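Reading through the structure tokens given below for one structure.
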Amino acid sequence: MANTSPDMASSPSTSTSPSSSSTTPKKRIVVVGLGMVGIAFIEKLIKLDTQRQYEIVVVGEEPHVAYNRVGLTSLFSHRQVEQLYLNPVEWYKQHLQTSSLTHHLSTTALSLSPDSKSLTISPPPSTPTLTTLPYDHLILATGSRALLPTFIPGHDATGVFVYRTISDLQSLITWSSNTRIKGSTGVVVGGGLLGLEAAKALMDLETFERVVVIERNGWVLSRQVDGEAGALVLEGVRGLGVEVLTEKRVKAVEVESEEGDGQEKKRVKGIRFEDGEYLACSTICFAIGIQARDELARQAGIACVERGGGGIVVDDSLQTSAPDVYAIGECASWKGQTFGLIGPGVEMADVLALNFTQAHLHTPRVFKRPDLSTKLKLLGVEVASFGDFFADRDGPKELPPKLKRELKKSGGKADVKALTYKDPFLSVYKKYIFTSDGKYLLGGMMIGDTSDYVRLVPLVKTHKELDIPPSQLILGAKKSGDDGDDDLPDDTQICSCHNVTKADLVAPLKSGECTSLGDLKSCTKAGTGCGGCMPLVTSIFNRTMASLGTEVKNNLCPHFPEYSRADLYNIISVKRLRTLPDVMREAGADADSLGCEACKPAIASIFASLWNDHVMSPAHHGLQDTNDRFMGNIQRNGTFSVVPRVAAGEITPEKLIVIGEVAKEYNLYTKITGGQRIDMFGAKKQDLLKIWKKLVDAGMESGHAYAKSLRTVKSCVGTTWCRYGVGDSVGMAVRLEERYKGLRGPHKIKGGVSGCTRECAEAGNKDFGLIATEKGFNILICGNGGTTPKHSVLLAKDVPPTNVIPIIDRFLMFYIRTADKLQRTARWLEALPGGIDYLKEVILEDRLGICASLEAQMQELVDSYFDEWVEALNNPAMQERFKQFANTDEGQPPMEVEIDRGQERPVMWPREDQGGSAKADFKGLRDKWSSTTWQPVLEASYFQGADDLPNGMSATIKRGDTQLAVWRIKGKYYASQQMCPHKRTFALSDGFVGTDPSPSSSSCSSSNALPPSPPGTPPLSSSPSTSPPHSPTSSSCTTNPSGPSSPWISCPFHKRNFSLTSGSCKNDNELSIATFDVEERDDGMVYIKLPPVDELDRELGTKKWMVKKGEAGEGQFGELDELNKRKGIEGKRGRRGRKPGASEAGQEVGKKLVEAVGGGGCGGPGLEW
């Protein structure tokens, strides 16, 4: 009787549905092998098995879930195994519940019994009692192993490796840290695809003085290209510093003895060739081919190939000689062939998954001769081969059906002709092979330029008769601006790694299943293998969405329907525009518009990146988001945080003492940030000047934690203190932070410097990061945390300290010039045509001829730096802005506070169902007041100059217990309540004022700017966004058909936009605000038409609406704290004399935890793991 794992027992796989005892039990499919082909089959089966007929159990020999073996070499740069995973670990947990998928890692399939339909396995670490898996269908996806020439003496010596798995690479990384081999020679035996990848890996280790590739043939890539093409590849590889020895065969690995673990070991000393020559080396990596993993099938008596690389024999349905046992991927031998590419394996997975789920609907699919075309980039050299690329050498393997009929009828012979093009100056080689009459393309190869690959492969696959001379396929030029996908047939294979055609990409876009580029990648897997197809995938996405009338746009907002943020940057730069009216006049849809909450801060950021004027200067103050407007991060209760700069995290005791004194005096909540700074929370607007005066007097300056600018350059201590340090990370980080402090960009910028590869400063996930090496610093760029974390990519290696600054100058300025609004560097690089390779050409090779300009512009910004807070402390006009109320010096708390872990903080916001929003009909109060009278509230001189400012001018008024907001905008006054009803916050006067474009100049429907999402709504994708034409939700604006629209105010907390005339909310129909008539009179005062004070307070009073303690319930941890408290009391009683076992409180904790996750383990609902 087979043991059953708890995983199985908790899934519906082994029982009928509880709703009906007659329900057909699920059939169990056991998959042996969790590689790229195994997971492709599982994903396809889950997608197609809509009736949930199957339970899936997968057994993986490695300790990792399925990972991208095609991109294995990237592990050497980022060292993060999880980045290789094709699906995150959470995906498997999710599908345990939804798709009955169970996976066992570090588990070996020991034996197979087709008669009893059972698989014997080594007990999984998570389920040690499980030894046998019964199955209804078994899928062998065991892949292949790297060949190791055991006939060569010394093949088992220490220092010999193969290049196949994560474990292989990790062993190589560990070996490379051995100081004895530093500066030695590393050798790769084998000059094929895998061998060149391994050579790149040895170079990336930065351990070896020489990297040598040994190839037994006369050129590299001998299985993909001919001698002339191989010679060109060879030239390119050698140009990158890799030595290549051709026509060499290894006779023996020479070794030397060493002591280790109490026994004598053999260590690599060198290689002896068959011609007698000798090469000294410390490391050998064999990349000479693969061998199918067919031993499990052989043991079970299943038919396998006896010669060559082996393989499990399968028929066209991929079934083996055993009933209900199938084989796919590199372990399968179809018509005497095994395939070492991912594409044919994925095609096998597709055929099998479709037949398991859809065969009853149509004739079962069969596996046909796969396309072995490949396109990749090896050591910087673009290489592609397609179709029958050796037809001129070996004769054609397959002819077009029409030609075969003609030859049969005429008795003619199948001859071929090759057309060759070679450009030695650009290192480009192309050879296309045609039938002798030139009517059909049979195959070809490309070196250096593979841009036509995707167009030519369909011509071969479909046997399409050519309607142009063969020479035009090589010499014909694309039209300028052609993205290359408009005339591709639907069955064109776009992604060869996952066998994704153009039709596969277009279908989910047309059905609405995918609406962003990220959705399309997740749905189809296109671009998740080697990534080489992404430019074409992006082009197809853009064209398809445009054809559906859902245009992909990156225009800034409805006020600038024709321009992106990068476009506006160039316009403002070239025309030297310095105010919002100037920009509106030159580029806006409506020259008189005030803009909106989307374009104002973006234009303010551009001004700061170009001219670096003070953010509180009159022309710019109204363009700033609230954080920049008061140079502090606004918090939940309307107070601000204060963060002085602590360059590289280095601070003196004297400054620490001042920070402590300030925090104590003003009762500020203090916390150490992730960027190695000290954050002080709870500063009242009216206290900011006094707080910063103390900090500035102590020698501190703004940390710009409030700005879309450089935040920090984090560092470890490096050689300053650390015994492992290789470089002075603190010194470099201080210099970088001092240089770029105050630099504003499209989004926040973070840096890091680590003193060695231990990476304590986490420089590998920063917008720019440095890791010290023996020769200088490796520069990494475009990483970030956030909702979509991204690891940095390597820009340059071993850069001397003197060259670091120019490279980062260029990178940051190019980003500032070309990025979209609120686009982090990671998303910018993903969207950049050509990606990191193009960026390297621009930054390091000056491809565009702009490096000098980028450096000069950065230097100009650096030279213009000033401390914004020092300027504010010395400017009386700016100081006037730091008041809570314009008509009184009194203060009023906007929210109650409570003590948490010894510090004061605002109480928690209640949820929506707890009354978090005030959904009263505030706009209807205008008609409900018992009486109103004109009341003077403020001198009109307060608003002097307001008509010339982009946001007008605002003031907060205290009337009784009610807070009111007053604006003067373009000669008119407006007044409303100060409270935003969404979260009952009091800050409307500090929000953006906006107007819609006039109907004669633009249409709101032309924009893709979406209204802000309510809290809890997933953030908008960073992929190109889409909006259907004439969609009422395409932006926060609604054009007034009768004329210019009235202004609206955008709350600084969550961007709820309220009309200043009607009070209605433009992006949340349940909310509104009270508005009031207001006017300026001859006596020099501003009057508001108000009800009696007691009536006003009864409806709008601060004490009535402020969030109070207890509204949010006992808090997130109330129940947990109570359980811990009980457990603590129990612990104090002592345990002497008690039987071993859990306490009652401990058992209760466990019980609650199980309830929280729905009783089904960590994949269930409830607690988010």
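Please note that chains go A, B, ... in the order of the structure tokens, that every chain numbers its residues from 1, and that ligands are numbered from 1 in the order shown.
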Mind checking which residues fall within 9 Å of Ser564 of chain A, counting only C-alpha atoms, ignoring those fewer than 2 positions away in the same chain, and posting them as a count of residues only? 14
Do a neighbour search on Pro458 of chain A at 12 Å with only C-alpha atoms, toss out local chain neighbours closer than 2 positions, and write the hits as JSON, numbers by chain. {"A": [371, 373, 386, 387, 440, 441, 442, 443, 452, 453, 454, 455, 456, 460, 461, 462, 463, 464, 465, 466, 487, 488, 489, 490, 491, 492, 493, 494, 501, 502]}
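Using only C-alpha atoms, the protein and nucleic acid residues lying no more than 6 Å from segment 65-81 of chain A, apart from those fewer than 3 places from it along its own chain, are Leu34, Gly35, Leu84, Tyr85, Leu86, Ala201 and Cys530 of chain A.
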Between A:Val225, A:Asp1094, A:Ile807, A:Pro400, which residue has the minimum interatomic distance to Asp846 of chain A, considering only C-alpha atoms?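 For Asp846 of chain A, the nearest of the candidates is A:Ile807.
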I need the strand (DSSP E or B) residues of segment 359-483 of chain A per DSSP on the backbone, written as an NGL selection string. :A and (374-378 or 381-387 or 416-423 or 428-435 or 441-447)
Those selected residues, please, written with N, CA and C atoms and delivered as a compact mmCIF listing (two decimals), in the first residue's frame.
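Heads up, here's the output in out.txt:
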```txt
# COMPACT_ATOMS: atom_id res chain seq x y z
N THR A 374 17.44 29.00 -33.99
CA THR A 374 17.88 29.64 -32.74
C THR A 374 18.39 31.04 -33.04
N LYS A 375 18.13 31.92 -32.11
CA LYS A 375 18.66 33.29 -32.19
C LYS A 375 19.07 33.71 -30.79
N LEU A 376 20.31 34.06 -30.64
CA LEU A 376 20.79 34.44 -29.31
C LEU A 376 22.02 35.33 -29.43
N LYS A 377 22.46 35.77 -28.27
CA LYS A 377 23.62 36.64 -28.20
C LYS A 377 24.64 35.99 -27.29
N LEU A 378 25.79 35.67 -27.84
CA LEU A 378 26.82 34.96 -27.09
C LEU A 378 28.06 35.84 -27.00
N VAL A 381 28.05 38.71 -29.28
CA VAL A 381 27.93 38.47 -30.72
C VAL A 381 26.54 37.91 -31.02
N GLU A 382 25.80 38.57 -31.91
CA GLU A 382 24.48 38.08 -32.30
C GLU A 382 24.63 36.93 -33.29
N VAL A 383 23.95 35.83 -33.01
CA VAL A 383 24.06 34.63 -33.84
C VAL A 383 22.66 34.06 -34.05
N ALA A 384 22.38 33.63 -35.28
CA ALA A 384 21.09 32.98 -35.55
C ALA A 384 21.28 31.95 -36.65
N SER A 385 20.54 30.86 -36.53
CA SER A 385 20.45 29.88 -37.61
C SER A 385 19.00 29.43 -37.68
N PHE A 386 18.51 29.16 -38.89
CA PHE A 386 17.10 28.81 -39.03
C PHE A 386 16.92 27.82 -40.17
N GLY A 387 15.84 27.07 -40.06
CA GLY A 387 15.50 26.12 -41.11
C GLY A 387 16.58 25.07 -41.33
N VAL A 416 20.34 22.78 -54.41
CA VAL A 416 20.20 24.02 -53.64
C VAL A 416 21.30 24.98 -54.04
N LYS A 417 21.06 26.25 -53.76
CA LYS A 417 22.06 27.28 -53.99
C LYS A 417 22.09 28.20 -52.77
N ALA A 418 23.29 28.67 -52.45
CA ALA A 418 23.47 29.54 -51.29
C ALA A 418 23.81 30.95 -51.73
N LEU A 419 23.19 31.91 -51.08
CA LEU A 419 23.49 33.31 -51.32
C LEU A 419 24.18 33.86 -50.07
N THR A 420 25.37 34.41 -50.22
CA THR A 420 26.18 34.82 -49.07
C THR A 420 26.48 36.30 -49.12
N TYR A 421 26.43 36.91 -47.94
CA TYR A 421 26.78 38.32 -47.79
C TYR A 421 27.73 38.46 -46.61
N LYS A 422 28.81 39.19 -46.80
CA LYS A 422 29.77 39.37 -45.72
C LYS A 422 30.26 40.81 -45.68
N ASP A 423 30.18 41.42 -44.51
CA ASP A 423 30.68 42.78 -44.31
C ASP A 423 31.74 42.72 -43.23
N VAL A 428 29.50 41.39 -40.07
CA VAL A 428 28.19 40.82 -40.40
C VAL A 428 28.37 39.74 -41.46
N TYR A 429 27.73 38.60 -41.24
CA TYR A 429 27.75 37.50 -42.21
C TYR A 429 26.36 36.91 -42.30
N LYS A 430 25.90 36.72 -43.55
CA LYS A 430 24.60 36.09 -43.76
C LYS A 430 24.72 35.09 -44.90
N LYS A 431 24.16 33.91 -44.68
CA LYS A 431 24.07 32.92 -45.75
C LYS A 431 22.67 32.34 -45.76
N TYR A 432 21.96 32.55 -46.88
CA TYR A 432 20.61 32.04 -47.03
C TYR A 432 20.64 30.97 -48.12
N ILE A 433 19.97 29.84 -47.88
CA ILE A 433 19.99 28.70 -48.80
C ILE A 433 18.63 28.56 -49.46
N PHE A 434 18.63 28.50 -50.79
CA PHE A 434 17.40 28.46 -51.58
C PHE A 434 17.38 27.19 -52.44
N THR A 435 16.20 26.86 -52.91
CA THR A 435 16.12 25.84 -53.95
C THR A 435 16.80 26.38 -55.19
N LEU A 441 12.92 29.54 -49.88
CA LEU A 441 14.00 29.67 -48.90
C LEU A 441 13.97 28.43 -48.01
N LEU A 442 15.11 27.75 -47.88
CA LEU A 442 15.18 26.52 -47.09
C LEU A 442 15.78 26.73 -45.70
N GLY A 443 16.65 27.71 -45.55
CA GLY A 443 17.28 27.95 -44.26
C GLY A 443 18.40 28.94 -44.40
N GLY A 444 19.13 29.14 -43.31
CA GLY A 444 20.23 30.09 -43.37
C GLY A 444 20.85 30.34 -42.02
N MET A 445 21.80 31.24 -42.01
CA MET A 445 22.49 31.62 -40.78
C MET A 445 22.86 33.09 -40.84
N MET A 446 22.96 33.72 -39.67
CA MET A 446 23.27 35.14 -39.59
C MET A 446 24.25 35.36 -38.44
N ILE A 447 25.21 36.22 -38.66
CA ILE A 447 26.14 36.62 -37.62
C ILE A 447 26.20 38.15 -37.61
```
Using only C-alpha atoms, determine which residues lie at most 8 Å from segment 594-600 of chain A, disregarding the query and same-chain residues fewer than 4 positions distant; provide the list as a list in words.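 The neighbour list is Leu556, Cys557, His559, Leu580, Ala604, Leu623, Gln624, Pro950, Asn951, Phe992, Val993, Gly994, Thr995, Asp996, Ala1009, Ser1050 and Lys1055 of chain A.
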Near Asn633 of chain A, counting only C-alpha atoms, which residues have an atom at most 9 Å away, once you skip same-chain residues fewer than 3 positions from it, shown as a list in words? Thr626, Asn627, Asp628, Phe630, Thr639, Phe640, Ser641, Val642, Phe681, Ala705, Tyr706 and Ala707 of chain A
If you keep C-alpha atoms, can you produce a file of those selected residues as a compact mmCIF listing (two decimals), in the first residue's frame?
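The resulting file, part.txt, is reproduced below:
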```txt
# COMPACT_ATOMS: atom_id res chain seq x y z
CA THR A 626 2.48 68.74 -0.72
CA ASN A 627 5.76 67.12 0.31
CA ASP A 628 7.85 69.52 -1.75
CA PHE A 630 6.55 72.28 2.72
CA THR A 639 1.96 66.56 10.27
CA PHE A 640 5.31 66.17 8.57
CA SER A 641 8.45 64.10 8.93
CA VAL A 642 11.89 65.64 9.23
CA PHE A 681 7.70 62.08 12.58
CA ALA A 705 13.34 62.63 1.82
CA TYR A 706 10.27 64.51 0.62
CA ALA A 707 11.38 64.92 -3.01
```
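In this comparison, which uses only C-alpha atoms, the residue of A:Ser100, A:Lys510, A:Ile474, A:Arg565 approaching Ile540 of chain A most closely is A:Lys510.
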Could you pull out the alpha helix (DSSP H) residues of segment 1045-1137 of chain A from DSSP and send them as an MDAnalysis selection string? chainID A and resid 1093:1100 1102:1105 1118:1133
Okay, now the selection with N, CA and C atoms, as an mmCIF file, in the first residue's frame?
```cif
data_model
loop_
_atom_site.group_PDB
_atom_site.id
_atom_site.type_symbol
_atom_site.label_atom_id
_atom_site.label_comp_id
_atom_site.auth_asym_id
_atom_site.auth_seq_id
_atom_site.Cartn_x
_atom_site.Cartn_y
_atom_site.Cartn_z
ATOM 1 N N VAL A 1093 -21.919 80.190 13.941
ATOM 2 C CA VAL A 1093 -20.768 79.360 14.315
ATOM 3 C C VAL A 1093 -21.201 78.017 14.884
ATOM 4 N N ASP A 1094 -22.201 78.019 15.769
ATOM 5 C CA ASP A 1094 -22.600 76.749 16.377
ATOM 6 C C ASP A 1094 -23.171 75.783 15.338
ATOM 7 N N GLU A 1095 -23.875 76.311 14.353
ATOM 8 C CA GLU A 1095 -24.416 75.461 13.295
ATOM 9 C C GLU A 1095 -23.298 74.953 12.385
ATOM 10 N N LEU A 1096 -22.338 75.837 12.125
ATOM 11 C CA LEU A 1096 -21.189 75.437 11.300
ATOM 12 C C LEU A 1096 -20.409 74.325 11.989
ATOM 13 N N ASP A 1097 -20.158 74.484 13.295
ATOM 14 C CA ASP A 1097 -19.413 73.468 14.046
ATOM 15 C C ASP A 1097 -20.182 72.152 14.135
ATOM 16 N N ARG A 1098 -21.499 72.255 14.211
ATOM 17 C CA ARG A 1098 -22.304 71.035 14.326
ATOM 18 C C ARG A 1098 -22.182 70.172 13.067
ATOM 19 N N GLU A 1099 -22.015 70.810 11.928
ATOM 20 C CA GLU A 1099 -21.921 70.072 10.671
ATOM 21 C C GLU A 1099 -20.485 69.785 10.245
ATOM 22 N N LEU A 1100 -19.558 70.725 10.550
ATOM 23 C CA LEU A 1100 -18.203 70.612 9.993
ATOM 24 C C LEU A 1100 -17.100 70.712 11.041
ATOM 25 N N THR A 1102 -14.155 70.344 13.708
ATOM 26 C CA THR A 1102 -12.993 69.455 13.730
ATOM 27 C C THR A 1102 -13.174 68.355 14.760
ATOM 28 N N LYS A 1103 -13.645 68.696 15.933
ATOM 29 C CA LYS A 1103 -13.815 67.692 16.992
ATOM 30 C C LYS A 1103 -14.815 66.621 16.579
ATOM 31 N N LYS A 1104 -15.794 66.995 15.753
ATOM 32 C CA LYS A 1104 -16.794 66.019 15.323
ATOM 33 C C LYS A 1104 -16.178 65.014 14.355
ATOM 34 N N TRP A 1105 -15.342 65.489 13.442
ATOM 35 C CA TRP A 1105 -14.905 64.628 12.344
ATOM 36 C C TRP A 1105 -13.502 64.069 12.500
ATOM 37 N N GLY A 1118 -4.211 43.149 18.252
ATOM 38 C CA GLY A 1118 -4.867 43.039 19.544
ATOM 39 C C GLY A 1118 -4.975 41.604 20.044
ATOM 40 N N GLU A 1119 -5.466 40.722 19.198
ATOM 41 C CA GLU A 1119 -5.650 39.333 19.591
ATOM 42 C C GLU A 1119 -4.306 38.640 19.814
ATOM 43 N N LEU A 1120 -3.335 38.948 18.947
ATOM 44 C CA LEU A 1120 -2.010 38.362 19.100
ATOM 45 C C LEU A 1120 -1.368 38.810 20.410
ATOM 46 N N ASP A 1121 -1.502 40.103 20.727
ATOM 47 C CA ASP A 1121 -0.921 40.608 21.972
ATOM 48 C C ASP A 1121 -1.549 39.945 23.188
ATOM 49 N N GLU A 1122 -2.852 39.699 23.126
ATOM 50 C CA GLU A 1122 -3.529 39.055 24.253
ATOM 51 C C GLU A 1122 -3.033 37.626 24.440
ATOM 52 N N LEU A 1123 -2.860 36.919 23.331
ATOM 53 C CA LEU A 1123 -2.351 35.547 23.412
ATOM 54 C C LEU A 1123 -0.928 35.521 23.944
ATOM 55 N N ASN A 1124 -0.111 36.462 23.483
ATOM 56 C CA ASN A 1124 1.270 36.529 23.975
ATOM 57 C C ASN A 1124 1.312 36.887 25.456
ATOM 58 N N LYS A 1125 0.377 37.737 25.869
ATOM 59 C CA LYS A 1125 0.314 38.125 27.272
ATOM 60 C C LYS A 1125 -0.013 36.919 28.145
ATOM 61 N N ARG A 1126 -0.983 36.119 27.698
ATOM 62 C CA ARG A 1126 -1.353 34.911 28.440
ATOM 63 C C ARG A 1126 -0.175 33.943 28.504
ATOM 64 N N LYS A 1127 0.518 33.829 27.386
ATOM 65 C CA LYS A 1127 1.663 32.931 27.345
ATOM 66 C C LYS A 1127 2.762 33.402 28.282
ATOM 67 N N GLY A 1128 2.947 34.740 28.359
ATOM 68 C CA GLY A 1128 3.961 35.284 29.248
ATOM 69 C C GLY A 1128 3.641 35.039 30.707
ATOM 70 N N ILE A 1129 2.357 35.206 31.070
ATOM 71 C CA ILE A 1129 1.951 34.956 32.462
ATOM 72 C C ILE A 1129 2.176 33.498 32.813
ATOM 73 N N GLU A 1130 1.832 32.632 31.873
ATOM 74 C CA GLU A 1130 2.000 31.202 32.105
ATOM 75 C C GLU A 1130 3.471 30.847 32.307
ATOM 76 N N GLY A 1131 4.338 31.516 31.527
ATOM 77 C CA GLY A 1131 5.772 31.257 31.644
ATOM 78 C C GLY A 1131 6.309 31.663 32.999
ATOM 79 N N LYS A 1132 5.765 32.774 33.551
ATOM 80 C CA LYS A 1132 6.249 33.236 34.852
ATOM 81 C C LYS A 1132 5.889 32.271 35.973
ATOM 82 N N ARG A 1133 4.819 31.490 35.795
ATOM 83 C CA ARG A 1133 4.424 30.544 36.836
ATOM 84 C C ARG A 1133 5.430 29.410 36.981
#
```
Counting only C-alpha atoms, which residue out of A:Val457, A:Val313, A:Ile805, A:Leu839 sits closest to Gly301 of chain A? A:Val313
Kindly indicate which residue among A:Pro601, A:Val658, A:Ser177, A:Gly340 lies nearest to His620 of chain A, using only C-alpha atoms for the distances.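 Checking each candidate against His620 of chain A, we get A:Pro601 as the closest.
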When you look at Gly190 of chain A with a cut-off of 12 Å (counting only C-alpha atoms), what residues show up, excluding the ones that are within fewer than 6 positions of it in the same chain? I need them as a VMD selection string. chain A and resid 146 to 149 162 to 163 196 to 199 212 to 223 244 to 250 284 to 290
Write to file, as a short mmCIF file (atom, residue, chain, number, x, y, z; two decimals), in the first residue's frame, the residues of the selection just made, with N, CA and C atoms.
```cif
data_model
loop_
_atom_site.label_atom_id
_atom_site.label_comp_id
_atom_site.auth_asym_id
_atom_site.auth_seq_id
_atom_site.Cartn_x
_atom_site.Cartn_y
_atom_site.Cartn_z
N ALA A 146 24.83 16.96 -18.15
CA ALA A 146 26.01 17.41 -18.89
C ALA A 146 26.99 16.25 -19.02
N LEU A 147 27.53 16.09 -20.21
CA LEU A 147 28.49 15.01 -20.45
C LEU A 147 29.82 15.31 -19.78
N LEU A 148 30.34 14.33 -19.09
CA LEU A 148 31.68 14.41 -18.51
C LEU A 148 32.48 13.25 -19.11
N PRO A 149 33.59 13.52 -19.80
CA PRO A 149 34.34 12.45 -20.48
C PRO A 149 35.10 11.58 -19.49
N VAL A 162 31.18 20.85 -14.61
CA VAL A 162 30.30 20.88 -15.78
C VAL A 162 29.40 22.10 -15.61
N TYR A 163 28.66 22.43 -16.66
CA TYR A 163 27.88 23.68 -16.66
C TYR A 163 26.44 23.35 -17.05
N LEU A 196 30.39 28.58 -24.97
CA LEU A 196 30.57 30.03 -24.98
C LEU A 196 29.86 30.67 -23.78
N GLU A 197 28.71 30.10 -23.39
CA GLU A 197 28.05 30.59 -22.17
C GLU A 197 28.94 30.35 -20.96
N ALA A 198 29.57 29.18 -20.89
CA ALA A 198 30.46 28.88 -19.78
C ALA A 198 31.67 29.82 -19.77
N ALA A 199 32.18 30.15 -20.96
CA ALA A 199 33.32 31.08 -21.04
C ALA A 199 32.93 32.44 -20.49
N VAL A 212 40.28 30.42 -21.50
CA VAL A 212 40.62 29.75 -22.77
C VAL A 212 39.50 28.77 -23.12
N VAL A 213 39.04 28.83 -24.37
CA VAL A 213 38.06 27.87 -24.89
C VAL A 213 38.79 26.90 -25.81
N ILE A 214 38.55 25.61 -25.62
CA ILE A 214 39.16 24.57 -26.45
C ILE A 214 38.09 23.93 -27.30
N GLU A 215 38.26 23.97 -28.60
CA GLU A 215 37.28 23.42 -29.54
C GLU A 215 37.98 22.44 -30.48
N ARG A 216 37.41 21.26 -30.62
CA ARG A 216 38.06 20.23 -31.43
C ARG A 216 37.91 20.48 -32.92
N ASN A 217 36.89 21.25 -33.32
CA ASN A 217 36.70 21.57 -34.73
C ASN A 217 37.47 22.84 -35.10
N GLY A 218 37.36 23.23 -36.35
CA GLY A 218 38.11 24.38 -36.82
C GLY A 218 37.49 25.70 -36.49
N TRP A 219 36.28 25.70 -35.95
CA TRP A 219 35.61 26.95 -35.57
C TRP A 219 34.61 26.66 -34.46
N VAL A 220 34.16 27.70 -33.79
CA VAL A 220 33.17 27.55 -32.72
C VAL A 220 31.76 27.47 -33.33
N LEU A 221 30.82 27.00 -32.52
CA LEU A 221 29.42 26.85 -32.95
C LEU A 221 29.31 26.02 -34.22
N SER A 222 30.07 24.95 -34.28
CA SER A 222 30.12 24.14 -35.49
C SER A 222 28.80 23.45 -35.79
N ARG A 223 27.91 23.32 -34.80
CA ARG A 223 26.62 22.69 -35.04
C ARG A 223 25.58 23.68 -35.56
N VAL A 244 40.79 31.35 -27.80
CA VAL A 244 40.14 30.16 -28.35
C VAL A 244 41.19 29.33 -29.08
N LEU A 245 41.30 28.07 -28.69
CA LEU A 245 42.20 27.13 -29.36
C LEU A 245 41.35 26.15 -30.16
N THR A 246 41.47 26.18 -31.48
CA THR A 246 40.68 25.28 -32.32
C THR A 246 41.50 24.06 -32.73
N GLU A 247 40.77 23.05 -33.17
CA GLU A 247 41.37 21.79 -33.62
C GLU A 247 42.30 21.20 -32.55
N LYS A 248 41.81 21.25 -31.31
CA LYS A 248 42.54 20.69 -30.18
C LYS A 248 41.67 19.64 -29.49
N ARG A 249 42.29 18.53 -29.14
CA ARG A 249 41.58 17.47 -28.43
C ARG A 249 42.31 17.18 -27.11
N VAL A 250 41.55 17.04 -26.06
CA VAL A 250 42.12 16.79 -24.74
C VAL A 250 42.48 15.32 -24.61
N ILE A 284 38.79 23.63 -14.98
CA ILE A 284 38.32 23.12 -16.27
C ILE A 284 36.80 22.95 -16.19
N CYS A 285 36.12 23.52 -17.16
CA CYS A 285 34.67 23.35 -17.25
C CYS A 285 34.36 22.63 -18.56
N PHE A 286 33.82 21.42 -18.48
CA PHE A 286 33.47 20.66 -19.67
C PHE A 286 32.06 21.06 -20.14
N ALA A 287 31.98 21.48 -21.39
CA ALA A 287 30.70 21.83 -22.01
C ALA A 287 30.67 21.19 -23.38
N ILE A 288 30.71 19.85 -23.39
CA ILE A 288 30.87 19.10 -24.64
C ILE A 288 29.60 18.41 -25.09
N GLY A 289 28.49 18.74 -24.46
CA GLY A 289 27.23 18.15 -24.88
C GLY A 289 26.43 17.62 -23.71
N ILE A 290 25.30 17.02 -24.04
CA ILE A 290 24.40 16.50 -23.00
C ILE A 290 24.01 15.07 -23.33
#
```
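With atom CA of Thr524 of chain A on one side and atom CA of Pro508 of chain A on the other, the separation reads 8.7 Å.
Among the candidates A:Tyr135, A:Phe1117, A:Phe389, A:Phe273, the residue lying nearest to Gln224 of chain A is A:Phe389 (atoms considered: only C-alpha atoms).
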Name the residues in contact with Ser99 of chain A at a cut-off of 12 Å, using only C-alpha atoms, excluding same-chain residues fewer than 5 positions from it; report them as a PyMOL selection string. chain A and resi 11-13+26+28+42-57+91-94
Check the smallest atom-to-atom distance from each of A:Val753, A:Leu112, A:Met908, A:Leu372 to Phe339 of chain A using only C-alpha atoms, then report the winner. A:Leu372
